[in-house]
>>> print(open('final_11.txt').read())   # compact mmCIF, C-alpha atoms
# COMPACT_ATOMS: atom_id res chain seq x y z
CA MET A 1 -22.68 20.29 23.96
CA PRO A 2 -23.26 16.68 24.91
CA VAL A 3 -22.73 16.01 28.59
CA THR A 4 -21.06 12.64 28.14
CA GLY A 5 -17.48 13.92 27.92
CA ILE A 6 -16.96 11.94 24.76
CA ASN A 7 -14.62 13.62 22.31
CA PRO A 8 -15.08 13.35 18.55
CA ILE A 9 -12.54 11.62 16.32
CA PRO A 10 -11.35 13.56 13.27
CA GLU A 11 -12.15 12.33 9.78
CA GLY A 12 -9.16 10.43 8.46
CA HIS A 13 -7.45 7.14 7.76
CA LEU A 14 -5.05 5.24 9.97
CA ASN A 15 -2.72 4.82 6.98
CA TRP A 16 -2.22 8.59 7.12
CA VAL A 17 -1.02 8.29 10.69
CA PHE A 18 1.41 5.50 9.79
CA GLY A 19 2.79 7.62 6.95
CA LEU A 20 3.16 10.58 9.30
CA LEU A 21 5.18 8.47 11.77
CA GLU A 22 7.51 7.22 9.01
CA LEU A 23 8.02 10.77 7.86
CA LEU A 24 8.80 11.94 11.39
CA GLU A 25 11.32 9.16 11.78
CA ASP A 26 13.07 10.33 8.59
CA ARG A 27 13.16 13.86 9.97
CA GLY A 28 14.68 13.16 13.34
CA GLY A 29 11.43 12.85 15.28
CA ARG A 30 10.11 16.38 14.97
CA GLU A 31 8.71 18.50 12.16
CA ASP A 32 6.65 21.60 11.57
CA GLY A 33 3.09 20.72 10.46
CA TYR A 34 3.17 23.50 7.91
CA LYS A 35 6.37 22.12 6.35
CA ILE A 36 4.81 18.68 6.07
CA ALA A 37 1.85 20.18 4.22
CA ARG A 38 4.18 22.06 1.89
CA ASP A 39 6.51 19.13 1.21
CA LEU A 40 3.72 16.64 0.57
CA HIS A 41 1.50 19.11 -1.31
CA MET A 42 -1.25 18.56 1.23
CA LYS A 43 -3.79 20.97 2.61
CA PHE A 44 -2.67 22.25 5.99
CA ASP A 45 -6.11 21.34 7.42
CA ASP A 46 -5.60 17.74 6.36
CA VAL A 47 -2.19 17.63 8.02
CA LEU A 48 -3.71 19.06 11.20
CA ARG A 49 -6.32 16.30 11.23
CA VAL A 50 -3.67 13.59 10.85
CA MET A 51 -1.67 15.19 13.64
CA LYS A 52 -4.77 15.20 15.82
CA ILE A 53 -5.55 11.54 15.13
CA ALA A 54 -1.95 10.54 15.86
CA GLU A 55 -2.14 12.53 19.09
CA ILE A 56 -5.41 10.87 20.15
CA LEU A 57 -3.63 7.55 19.64
CA GLY A 58 -0.78 8.70 21.90
CA LEU A 59 1.81 8.35 19.13
CA VAL A 60 2.81 12.01 18.84
CA SER A 61 2.44 15.29 20.65
CA THR A 62 1.74 18.56 18.87
CA PRO A 63 3.40 21.48 20.65
CA ALA A 64 3.05 24.86 18.89
CA GLY A 65 2.26 23.58 15.40
CA ASP A 66 5.03 20.98 15.45
CA VAL A 67 4.59 17.21 15.51
CA VAL A 68 6.87 15.30 17.86
CA LEU A 69 7.28 11.54 17.89
CA GLU A 70 6.38 10.21 21.36
CA PRO A 71 7.90 7.03 22.88
CA LEU A 72 4.81 5.05 21.86
CA GLY A 73 5.20 6.30 18.30
CA LYS A 74 8.83 5.17 18.26
CA LYS A 75 7.82 1.79 19.62
CA PHE A 76 5.15 1.61 16.92
CA LEU A 77 7.75 2.16 14.18
CA GLU A 78 9.92 -0.63 15.56
CA SER A 79 7.03 -3.10 15.74
CA ASP A 80 5.63 -5.48 13.12
CA VAL A 81 2.15 -4.97 11.76
CA ASN A 82 0.41 -7.21 14.28
CA ALA A 83 2.09 -5.57 17.27
CA ARG A 84 1.06 -2.23 15.75
CA LYS A 85 -2.54 -3.37 15.60
CA LEU A 86 -2.40 -4.29 19.29
CA MET A 87 -1.03 -0.87 20.19
CA ILE A 88 -3.80 0.89 18.29
CA ARG A 89 -6.29 -1.44 19.96
CA GLU A 90 -5.10 -0.51 23.44
CA GLN A 91 -5.17 3.20 22.62
CA LEU A 92 -8.66 3.08 21.12
CA ARG A 93 -10.04 1.19 24.12
CA GLN A 94 -9.11 4.17 26.25
CA HIS A 95 -10.89 6.65 23.99
CA GLY A 96 -14.28 7.66 25.36
CA LEU A 97 -16.22 6.95 22.19
CA PHE A 98 -14.72 3.51 21.65
CA SER A 99 -15.02 2.50 25.31
CA TYR A 100 -18.67 3.61 25.24
CA LEU A 101 -19.28 1.36 22.24
CA ILE A 102 -17.44 -1.54 23.87
CA ARG A 103 -19.63 -1.21 26.97
CA LEU A 104 -22.72 -0.92 24.82
CA LEU A 105 -21.88 -4.05 22.85
CA LYS A 106 -20.98 -6.02 25.96
CA ALA A 107 -24.42 -5.21 27.36
CA GLN A 108 -26.09 -6.95 24.40
CA GLU A 109 -26.92 -10.61 24.66
CA ASP A 110 -25.16 -11.49 21.39
CA LYS A 111 -22.53 -8.73 21.77
CA SER A 112 -23.72 -7.10 18.59
CA LEU A 113 -25.99 -4.34 17.28
CA SER A 114 -27.48 -3.28 13.96
CA LYS A 115 -25.94 -0.27 12.26
CA GLU A 116 -29.13 1.72 12.75
CA VAL A 117 -29.00 1.39 16.52
CA VAL A 118 -25.32 2.39 16.57
CA LEU A 119 -26.13 5.45 14.45
CA GLU A 120 -28.75 6.52 16.99
CA HIS A 121 -26.20 6.34 19.77
CA LEU A 122 -23.65 8.27 17.72
CA ALA A 123 -26.15 10.99 16.87
CA MET A 124 -26.88 11.38 20.54
CA LEU A 125 -23.26 11.35 21.70
CA LEU A 126 -21.82 13.59 18.99
CA PRO A 127 -24.69 15.54 17.42
CA ASN A 128 -22.34 17.67 15.32
CA ASP A 129 -20.78 14.71 13.55
CA PRO A 130 -22.63 13.16 10.58
CA PRO A 131 -23.34 9.73 12.13
CA ASP A 132 -23.01 7.72 8.95
CA ARG A 133 -19.48 8.93 8.28
CA LEU A 134 -18.54 8.61 11.91
CA PHE A 135 -19.77 5.01 11.83
CA ASN A 136 -17.62 4.27 8.76
CA ARG A 137 -14.61 5.70 10.56
CA ILE A 138 -15.26 3.70 13.72
CA VAL A 139 -15.63 0.53 11.66
CA ALA A 140 -12.44 1.21 9.65
CA TRP A 141 -10.33 1.97 12.73
CA GLY A 142 -12.06 -0.74 14.76
CA ARG A 143 -11.38 -3.36 12.10
CA PHE A 144 -7.70 -2.46 11.91
CA ALA A 145 -7.46 -2.67 15.69
CA GLU A 146 -9.49 -5.90 15.66
CA LEU A 147 -11.72 -4.25 18.21
CA PHE A 148 -14.94 -4.10 16.22
CA GLY A 149 -16.26 -5.96 13.24
CA TYR A 150 -19.14 -5.13 10.97
CA SER A 151 -20.88 -7.47 8.59
CA LYS A 152 -22.80 -5.64 5.92
CA ASP A 153 -24.48 -8.86 4.84
CA SER A 154 -26.03 -9.57 8.23
CA ASP A 155 -25.99 -5.92 9.40
CA ARG A 156 -24.22 -6.70 12.66
CA PHE A 157 -21.74 -4.38 14.38
CA TYR A 158 -19.93 -6.54 16.91
CA LEU A 159 -17.03 -6.93 19.30
CA ASP A 160 -14.11 -8.65 17.63
CA ASN A 161 -11.82 -10.99 19.59
CA GLU A 162 -13.76 -10.63 22.83
CA MET B 163 21.66 -18.20 -14.16
CA PRO B 164 19.73 -14.93 -13.82
CA LEU B 165 16.08 -15.11 -12.78
CA LEU B 166 14.98 -13.01 -15.72
CA GLU B 167 16.76 -12.09 -18.91
CA LEU B 168 15.39 -9.78 -21.57
CA SER B 169 17.28 -9.64 -24.88
CA HIS B 170 16.47 -7.09 -27.57
CA VAL B 171 12.80 -6.99 -26.65
CA SER B 172 10.60 -4.84 -28.88
CA LYS B 173 6.88 -4.31 -29.00
CA HIS B 174 5.14 -2.84 -32.03
CA TYR B 175 1.43 -2.44 -32.63
CA PRO B 176 0.01 -2.37 -36.16
CA HIS B 177 -1.07 1.12 -37.12
CA SER B 178 -2.67 2.68 -40.20
CA LYS B 179 0.67 4.29 -41.20
CA GLY B 180 2.90 1.34 -40.52
CA SER B 181 3.41 0.37 -36.91
CA LEU B 182 3.41 2.03 -33.52
CA ARG B 183 6.67 1.29 -31.73
CA VAL B 184 6.10 1.06 -27.99
CA ILE B 185 9.28 -0.65 -26.82
CA GLU B 186 12.48 -0.72 -28.83
CA ASP B 187 15.37 -3.13 -28.32
CA ILE B 188 15.45 -3.42 -24.53
CA SER B 189 17.85 -5.80 -22.82
CA PHE B 190 18.50 -6.30 -19.13
CA VAL B 191 18.94 -8.98 -16.53
CA VAL B 192 17.27 -9.41 -13.14
CA GLU B 193 18.88 -11.51 -10.44
CA GLU B 194 16.89 -13.26 -7.74
CA GLY B 195 16.48 -11.00 -4.71
CA GLU B 196 16.78 -7.71 -6.54
CA PHE B 197 14.42 -4.79 -6.19
CA ILE B 198 14.27 -3.16 -9.61
CA ALA B 199 12.45 0.06 -10.43
CA ILE B 200 11.55 0.97 -13.98
CA VAL B 201 11.05 4.70 -14.44
CA GLY B 202 10.18 6.81 -17.41
CA PRO B 203 7.68 9.37 -18.64
CA SER B 204 4.16 8.31 -19.58
CA GLY B 205 4.13 6.56 -22.93
CA CYS B 206 7.52 4.92 -22.45
CA GLY B 207 5.98 1.46 -22.46
CA LYS B 208 6.97 0.61 -18.88
CA SER B 209 3.62 -0.98 -18.01
CA THR B 210 3.64 -2.87 -21.30
CA MET B 211 7.06 -4.18 -20.41
CA LEU B 212 5.81 -5.68 -17.14
CA ARG B 213 3.05 -7.40 -19.06
CA ILE B 214 5.50 -8.74 -21.63
CA ILE B 215 7.65 -10.14 -18.85
CA ASN B 216 4.76 -11.99 -17.21
CA GLY B 217 3.44 -13.13 -20.56
CA ILE B 218 0.12 -11.25 -20.73
CA VAL B 219 1.29 -9.25 -23.77
CA PRO B 220 3.18 -11.04 -26.55
CA LEU B 221 6.41 -9.39 -27.72
CA SER B 222 7.16 -8.46 -31.34
CA ALA B 223 10.88 -9.21 -31.35
CA GLY B 224 13.57 -10.43 -28.97
CA GLN B 225 13.12 -12.87 -26.13
CA VAL B 226 12.37 -13.11 -22.42
CA LEU B 227 14.00 -15.90 -20.49
CA TYR B 228 12.71 -16.86 -17.05
CA LYS B 229 15.10 -19.16 -15.19
CA GLY B 230 16.80 -19.75 -18.52
CA ARG B 231 13.64 -20.81 -20.32
CA GLN B 232 11.65 -18.87 -22.86
CA VAL B 233 8.39 -17.52 -21.45
CA ASP B 234 5.50 -19.09 -23.27
CA GLY B 235 2.08 -17.89 -22.13
CA ILE B 236 1.40 -16.43 -18.71
CA ASN B 237 4.15 -16.88 -16.13
CA LEU B 238 2.35 -17.98 -12.96
CA GLU B 239 5.44 -17.23 -10.88
CA CYS B 240 4.93 -13.48 -11.46
CA ALA B 241 2.08 -11.68 -9.69
CA LEU B 242 0.89 -8.18 -10.46
CA VAL B 243 -0.20 -5.36 -8.15
CA PHE B 244 -2.21 -2.72 -10.00
CA GLN B 245 -2.52 1.03 -9.61
CA SER B 246 -6.32 0.72 -9.72
CA PHE B 247 -6.27 -2.13 -7.14
CA ALA B 248 -8.53 -4.16 -9.52
CA LEU B 249 -10.67 -5.64 -6.75
CA MET B 250 -14.03 -7.34 -7.33
CA PRO B 251 -16.58 -5.06 -5.65
CA TRP B 252 -19.09 -7.86 -5.06
CA LEU B 253 -16.61 -10.06 -3.21
CA THR B 254 -15.46 -9.67 0.39
CA ILE B 255 -11.80 -8.93 1.05
CA GLU B 256 -11.15 -12.55 1.92
CA ASP B 257 -12.85 -13.79 -1.26
CA ASN B 258 -10.93 -11.25 -3.36
CA ILE B 259 -7.66 -12.63 -2.02
CA GLU B 260 -8.79 -16.23 -2.53
CA MET B 261 -9.95 -15.67 -6.10
CA PRO B 262 -6.62 -16.23 -7.89
CA LEU B 263 -6.00 -19.25 -5.67
CA GLU B 264 -9.22 -20.77 -6.93
CA ALA B 265 -8.00 -20.15 -10.48
CA LEU B 266 -4.78 -21.99 -9.57
CA GLY B 267 -6.90 -24.98 -8.56
CA LEU B 268 -6.21 -24.98 -4.82
CA PRO B 269 -8.85 -26.79 -2.74
CA PRO B 270 -11.11 -24.54 -0.61
CA ALA B 271 -9.50 -25.33 2.75
CA GLU B 272 -6.04 -24.61 1.37
CA ARG B 273 -7.27 -21.37 -0.22
CA ARG B 274 -8.71 -20.12 3.06
CA LYS B 275 -5.55 -21.01 4.94
CA ARG B 276 -3.28 -19.36 2.37
CA ALA B 277 -5.43 -16.21 2.24
CA GLY B 278 -5.35 -16.06 6.04
CA ILE B 279 -1.55 -16.09 6.11
CA TYR B 280 -1.28 -13.10 3.78
CA ILE B 281 -4.19 -11.21 5.30
CA ASP B 282 -2.18 -11.39 8.50
CA LYS B 283 1.09 -10.34 6.84
CA VAL B 284 -0.29 -7.14 5.35
CA GLY B 285 -2.25 -6.17 8.46
CA LEU B 286 -5.74 -6.92 7.16
CA ASP B 287 -6.93 -9.11 10.03
CA GLY B 288 -10.33 -7.76 10.96
CA PHE B 289 -11.20 -6.80 7.37
CA GLU B 290 -12.00 -10.29 6.06
CA GLU B 291 -15.73 -9.81 5.63
CA ALA B 292 -15.54 -6.17 4.48
CA TYR B 293 -16.29 -5.21 0.89
CA PRO B 294 -13.84 -3.13 -1.16
CA ARG B 295 -16.06 -0.03 -1.11
CA GLU B 296 -15.87 0.05 2.68
CA LEU B 297 -12.08 0.42 2.49
CA SER B 298 -9.80 3.44 2.03
CA GLY B 299 -7.40 3.43 -0.92
CA GLY B 300 -4.53 2.39 1.32
CA MET B 301 -6.42 -0.60 2.70
CA LYS B 302 -7.54 -1.55 -0.83
CA GLN B 303 -3.92 -1.63 -1.96
CA ARG B 304 -3.07 -3.83 1.01
CA VAL B 305 -5.68 -6.22 -0.39
CA GLY B 306 -4.00 -5.98 -3.81
CA LEU B 307 -0.70 -6.81 -2.17
CA ALA B 308 -2.09 -9.73 -0.16
CA ARG B 309 -3.79 -11.12 -3.26
CA ALA B 310 -0.51 -11.01 -5.21
CA LEU B 311 1.52 -12.50 -2.33
CA ALA B 312 -1.01 -15.28 -1.71
CA VAL B 313 -0.11 -17.00 -4.98
CA GLU B 314 3.43 -17.10 -3.54
CA PRO B 315 5.08 -15.76 -6.66
CA LYS B 316 8.82 -15.61 -7.30
CA VAL B 317 8.51 -12.12 -8.75
CA LEU B 318 6.22 -9.38 -7.49
CA MET B 319 5.38 -6.92 -10.24
CA MET B 320 4.00 -3.59 -9.13
CA ASP B 321 2.54 -1.23 -11.70
CA GLU B 322 2.38 2.28 -10.19
CA PRO B 323 1.06 0.76 -6.95
CA PHE B 324 1.23 3.97 -4.93
CA SER B 325 0.17 6.47 -7.58
CA ALA B 326 -3.53 6.42 -6.72
CA LEU B 327 -2.84 6.98 -3.02
CA ASP B 328 -2.49 10.21 -1.06
CA ALA B 329 1.04 11.21 -0.03
CA LEU B 330 0.94 9.93 3.56
CA THR B 331 -0.64 6.59 2.69
CA ALA B 332 1.95 6.13 -0.06
CA ILE B 333 4.75 6.68 2.48
CA SER B 334 3.38 4.01 4.78
CA LEU B 335 2.78 1.46 2.00
CA ARG B 336 6.23 1.98 0.46
CA GLU B 337 7.73 1.22 3.84
CA GLU B 338 5.61 -1.92 4.23
CA THR B 339 6.55 -3.08 0.73
CA LEU B 340 10.21 -2.86 1.73
CA ASP B 341 9.44 -4.79 4.92
CA ILE B 342 7.77 -7.55 2.92
CA TRP B 343 10.65 -7.69 0.45
CA GLN B 344 13.19 -7.94 3.28
CA ALA B 345 11.28 -10.35 5.54
CA PRO B 346 13.02 -13.75 5.56
CA ASP B 347 9.69 -15.60 5.64
CA SER B 348 8.30 -13.69 2.67
CA PRO B 349 7.62 -15.85 -0.42
CA VAL B 350 8.90 -13.21 -2.79
CA HIS B 351 12.36 -11.69 -2.83
CA THR B 352 12.38 -10.10 -6.26
CA ILE B 353 10.34 -7.01 -7.06
CA LEU B 354 9.85 -5.14 -10.32
CA LEU B 355 8.28 -1.75 -9.66
CA VAL B 356 7.03 0.52 -12.43
CA THR B 357 6.71 4.15 -11.45
CA HIS B 358 6.84 7.62 -12.94
CA ILE B 359 8.07 9.06 -9.63
CA ILE B 360 11.86 9.22 -9.68
CA GLU B 361 12.22 9.71 -5.89
CA GLU B 362 10.10 6.62 -5.29
CA ALA B 363 12.35 4.53 -7.55
CA ILE B 364 15.53 5.71 -5.83
CA GLU B 365 14.09 5.33 -2.35
CA LEU B 366 13.13 1.70 -2.89
CA ALA B 367 15.21 0.00 -5.56
CA ASP B 368 18.63 -1.63 -5.85
CA ARG B 369 18.69 -0.72 -9.51
CA VAL B 370 16.78 1.85 -11.51
CA LEU B 371 16.12 1.27 -15.20
CA VAL B 372 15.46 4.55 -16.97
CA LEU B 373 13.34 4.46 -20.13
CA SER B 374 12.80 7.13 -22.77
CA ALA B 375 9.39 8.02 -24.14
CA GLY B 376 7.89 6.77 -27.42
CA PRO B 377 9.36 4.30 -28.20
CA GLY B 378 10.68 3.12 -24.85
CA ARG B 379 14.42 2.53 -24.99
CA LEU B 380 16.69 1.77 -22.08
CA LEU B 381 18.59 4.99 -21.35
CA ALA B 382 20.40 3.82 -18.24
CA ASP B 383 20.65 0.99 -15.74
CA LEU B 384 21.73 2.66 -12.50
CA LYS B 385 22.80 0.94 -9.34
CA VAL B 386 21.53 2.63 -6.17
CA ASP B 387 24.23 2.10 -3.57
CA LEU B 388 22.65 4.10 -0.75
CA PRO B 389 22.09 2.34 2.59
CA ARG B 390 18.49 1.80 3.72
CA PRO B 391 16.48 3.49 5.11
CA ARG B 392 17.24 6.14 2.53
CA ASP B 393 17.07 9.79 3.33
CA ARG B 394 15.30 11.63 0.53
CA ARG B 395 16.94 14.87 1.64
CA SER B 396 20.55 13.66 1.53
CA ASP B 397 22.96 14.99 -1.10
CA ALA B 398 23.66 11.52 -2.50
CA PHE B 399 19.94 10.93 -2.95
CA ASN B 400 19.48 14.25 -4.69
CA ALA B 401 22.44 13.64 -6.96
CA LEU B 402 20.83 10.42 -8.15
CA THR B 403 17.40 11.99 -8.69
CA ASP B 404 19.02 14.79 -10.68
CA LYS B 405 20.88 12.27 -12.78
CA VAL B 406 17.73 10.32 -13.67
CA PHE B 407 15.78 13.51 -14.25
CA SER B 408 18.37 14.88 -16.64
CA LEU B 409 18.55 11.58 -18.53
CA ILE B 410 14.80 11.76 -19.15
CA GLU B 411 14.85 15.51 -19.84
CA GLU B 412 17.55 15.25 -22.51
CA ARG B 413 15.39 12.87 -24.46
CA ALA B 414 12.12 14.72 -23.99
>>> encode(input="final_11.txt", output="structure tokens")
Amino acid sequence: MPVTGINPIPEGHLNWVFGLLELLEDRGGREDGYKIARDLHMKFDDVLRVMKIAEILGLVSTPAGDVVLEPLGKKFLESDVNARKLMIREQLRQHGLFSYLIRLLKAQEDKSLSKEVVLEHLAMLLPNDPPDRLFNRIVAWGRFAELFGYSKDSDRFYLDNE
Amino acid sequence: MPLLELSHVSKHYPHSKGSLRVIEDISFVVEEGEFIAIVGPSGCGKSTMLRIINGIVPLSAGQVLYKGRQVDGINLECALVFQSFALMPWLTIEDNIEMPLEALGLPPAERRKRAGIYIDKVGLDGFEEAYPRELSGGMKQRVGLARALAVEPKVLMMDEPFSALDALTAISLREETLDIWQAPDSPVHTILLVTHIIEEAIELADRVLVLSAGPGRLLADLKVDLPRPRDRRSDAFNALTDKVFSLIEERA
């Protein structure tokens, strides 16, 4: 186990989370994860991962196999897309992995790093996670939250809007 | 005057044993501001019909009037969103969205500005310099949507736009499509959606046009009078899905 106290982030897309919140809204704010899997013809494992991501983002809680819309999740549903991005941004900043990367980037003179260097950090922080896929996930979520950017052309991973 | 008027539209393709009839004698009217869904089994010619309406595919008989005038060539006031996203893999997201604007002859500064507006509207800020392969299906379809909106069309035509997406992503993009349709500052207030998913049609549209398979004929033009947001599990919703389903079944 790494000693950094940094938790992994499950494999998945933010669009899944947004779909989950819409579905919860339609179902009165609470639903059984198993029922969601059945109704949407999804694998239960996939539904669990979405639930976990939504929970990491503070949008839902997951008591006893259910998913419950939290106040932040309700606020998310009432917000426009740019306010939603800000909410995800604030939540991600508080996640250990993302705040580590923010600190790391801030310590660089040009506030950016090559992908290779980031992969080395990821491999060290979360040795059980394939770093390449984890990097793709961080970039995808980070772009949506306008927290991180990555330019493939110049191979720079950087702080967005800082 | 209706925005769109189809009268007795047919489409036949030449075939070794005569001709292949794809669409047969379809007439309907679309008013500005309507959200219309066209449903039917595969092979009912629903995608062909979209392409006849925007002028990509020539019709064999009948006529299509747009704002009272016969459509001649491609109608630049209709923009298409594709099931396959149809993005250029070698272009960044921003350049993909700008591409049709270049074709319209907008100067570079105007293109960049216009693309920026719609990147913002569909929640793609932060993805400008990404390439399509770096994006999930849901984000790719947001690019498809932004690209279509950026030409500021009068009619947004969506050809199975959610069919290549997983169930949860489809839920979120359907919701955002409704938001875009309803937003007062949106350029487009009329949507034609082609889908084979009956629930999707009834969840989104004001009117559902039901087509039969081979050749596509108009079986019904149903008004959906349910308040939004629509509850897929309500009795009224189910009654409508059953109705459409049985219309298609009877002909199958």
>>> residues_around(input="final_11.txt", residues="Gln245 of chain B", least_positions_apart="4", cutoff="7 Å", atoms="all atoms listed in the file", output="list in words")
Asp321, Glu322, Pro323, Phe324, Ser325 and Ala326 of chain B
>>> closest_atom_pairs(input="final_11.txt", of="chain A", to="chain B", cutoff="7 Å", atoms="only C-alpha atoms", output="CSV")
residue,atom,partner,partner_atom,distance
A:Asn15,CA,B:Thr331,CA,5.1
A:Trp16,CA,B:Leu330,CA,4.9
A:Phe18,CA,B:Ser334,CA,5.6
A:Gly19,CA,B:Ser334,CA,4.3
A:Leu20,CA,B:Leu330,CA,6.2
A:Glu22,CA,B:Ser334,CA,6.7
A:Asp26,CA,B:Asp393,CA,6.6
A:Leu40,CA,B:Ala329,CA,6.1
A:Val81,CA,B:Gly285,CA,5.6
A:Asn82,CA,B:Gly285,CA,6.5
A:Arg143,CA,B:Gly288,CA,4.7
A:Phe144,CA,B:Gly288,CA,6.0
A:Glu146,CA,B:Gly288,CA,5.1
A:Gly149,CA,B:Gly288,CA,6.6
A:Ser151,CA,B:Glu291,CA,6.4
>>> closest_atom_pairs(input="final_11.txt", of="segment 187-212 of chain B", to="segment 350-355 of chain B", cutoff="6 Å", atoms="only C-alpha atoms", output="JSON lines")
{"residue": "B:Glu194", "atom": "CA", "partner": "B:Thr352", "partner_atom": "CA", "distance": 5.7}
{"residue": "B:Gly195", "atom": "CA", "partner": "B:Thr352", "partner_atom": "CA", "distance": 4.5}
{"residue": "B:Glu196", "atom": "CA", "partner": "B:Thr352", "partner_atom": "CA", "distance": 5.0}
{"residue": "B:Phe197", "atom": "CA", "partner": "B:Ile353", "partner_atom": "CA", "distance": 4.7}
{"residue": "B:Ile198", "atom": "CA", "partner": "B:Leu354", "partner_atom": "CA", "distance": 4.9}
{"residue": "B:Ala199", "atom": "CA", "partner": "B:Leu355", "partner_atom": "CA", "distance": 4.6}
>>> atom_distance(input="final_11.txt", atom1="atom CA of Lys275 of chain B", atom2="atom CA of Pro349 of chain B")
15.1 Å
>>> atom_distance(input="final_11.txt", atom1="atom CA of Gly278 of chain B", atom2="atom CA of Leu92 of chain A")
24.6 Å
>>> residues_near_point(input="final_11.txt", point="(19.7, -15.0, -13.1)", cutoff="10 Å", atoms="only C-alpha atoms", output="PyMOL selection string")
chain B and resi 163-167+191-195+227-230
>>> residues_around(input="final_11.txt", residues="Leu104 of chain A", least_positions_apart="6", cutoff="10 Å", atoms="all atoms listed in the file", output="list of chain:residue names")
A:Phe98, A:Lys111, A:Ser112, A:Leu113, A:Val118, A:His121, A:Leu159
>>> residues_near_point(input="final_11.txt", point="(8.2, 6.8, -19.8)", cutoff="8 Å", atoms="all atoms listed in the file", output="MDAnalysis selection string")
chainID B and resid 201:208 358 373:376 378
>>> atom_distance(input="final_11.txt", atom1="atom CA of Tyr34 of chain A", atom2="atom CA of Pro8 of chain A")
23.4 Å
>>> closest_residue(input="final_11.txt", among="B:Met319, B:Ile410, B:Leu249, B:Val184", to="Ile360 of chain B", atoms="all atoms listed in the file")
B:Ile410
>>> residues_around(input="final_11.txt", residues="Phe148 of chain A", least_positions_apart="3", cutoff="9 Å", atoms="only C-alpha atoms", output="PyMOL selection string")
(chain A and resi 102+138-145+157-161) or (chain B and resi 288)
>>> residues_around(input="final_11.txt", residues="Lys74 of chain A", least_positions_apart="6", cutoff="10 Å", atoms="all atoms listed in the file", output="MDAnalysis selection string")
chainID A and resid 21:22 24:25 29 59:60
>>> write_last_selection(input="final_11.txt", atoms="C-alpha atoms", output="mmCIF file, keeping the file's coordinate frame")
data_model
loop_
_atom_site.group_PDB
_atom_site.id
_atom_site.type_symbol
_atom_site.label_atom_id
_atom_site.label_comp_id
_atom_site.auth_asym_id
_atom_site.auth_seq_id
_atom_site.Cartn_x
_atom_site.Cartn_y
_atom_site.Cartn_z
ATOM 1 C CA LEU A 21 5.180 8.470 11.770
ATOM 2 C CA GLU A 22 7.510 7.220 9.010
ATOM 3 C CA LEU A 24 8.800 11.940 11.390
ATOM 4 C CA GLU A 25 11.320 9.160 11.780
ATOM 5 C CA GLY A 29 11.430 12.850 15.280
ATOM 6 C CA LEU A 59 1.810 8.350 19.130
ATOM 7 C CA VAL A 60 2.810 12.010 18.840
#
>>> build_atoms(input="final_11.txt", residues="segment 88-99 of chain A", atoms="N, CA and C atoms", output="mmCIF file, keeping the file's coordinate frame")
data_model
loop_
_atom_site.group_PDB
_atom_site.id
_atom_site.type_symbol
_atom_site.label_atom_id
_atom_site.label_comp_id
_atom_site.auth_asym_id
_atom_site.auth_seq_id
_atom_site.Cartn_x
_atom_site.Cartn_y
_atom_site.Cartn_z
ATOM 1 N N ILE A 88 -2.659 0.051 18.644
ATOM 2 C CA ILE A 88 -3.800 0.890 18.290
ATOM 3 C C ILE A 88 -5.037 0.434 19.068
ATOM 4 N N ARG A 89 -5.161 -0.873 19.223
ATOM 5 C CA ARG A 89 -6.290 -1.440 19.960
ATOM 6 C C ARG A 89 -6.326 -0.906 21.392
ATOM 7 N N GLU A 90 -5.159 -0.976 22.053
ATOM 8 C CA GLU A 90 -5.100 -0.510 23.440
ATOM 9 C C GLU A 90 -5.406 0.979 23.545
ATOM 10 N N GLN A 91 -4.923 1.752 22.594
ATOM 11 C CA GLN A 91 -5.170 3.200 22.620
ATOM 12 C C GLN A 91 -6.648 3.503 22.387
ATOM 13 N N LEU A 92 -7.247 2.808 21.430
ATOM 14 C CA LEU A 92 -8.660 3.080 21.120
ATOM 15 C C LEU A 92 -9.566 2.693 22.291
ATOM 16 N N ARG A 93 -9.222 1.613 22.981
ATOM 17 C CA ARG A 93 -10.040 1.190 24.120
ATOM 18 C C ARG A 93 -10.147 2.278 25.172
ATOM 19 N N GLN A 94 -9.121 3.118 25.233
ATOM 20 C CA GLN A 94 -9.110 4.170 26.250
ATOM 21 C C GLN A 94 -9.826 5.432 25.779
ATOM 22 N N HIS A 95 -10.180 5.474 24.499
ATOM 23 C CA HIS A 95 -10.890 6.650 23.990
ATOM 24 C C HIS A 95 -12.362 6.542 24.371
ATOM 25 N N GLY A 96 -12.915 7.662 24.847
ATOM 26 C CA GLY A 96 -14.280 7.660 25.360
ATOM 27 C C GLY A 96 -15.306 7.044 24.419
ATOM 28 N N LEU A 97 -15.227 7.416 23.154
ATOM 29 C CA LEU A 97 -16.220 6.950 22.190
ATOM 30 C C LEU A 97 -16.123 5.433 21.997
ATOM 31 N N PHE A 98 -14.894 4.953 21.871
ATOM 32 C CA PHE A 98 -14.720 3.510 21.650
ATOM 33 C C PHE A 98 -15.075 2.717 22.913
ATOM 34 N N SER A 99 -14.709 3.263 24.091
ATOM 35 C CA SER A 99 -15.020 2.500 25.310
ATOM 36 C C SER A 99 -16.531 2.507 25.554
#
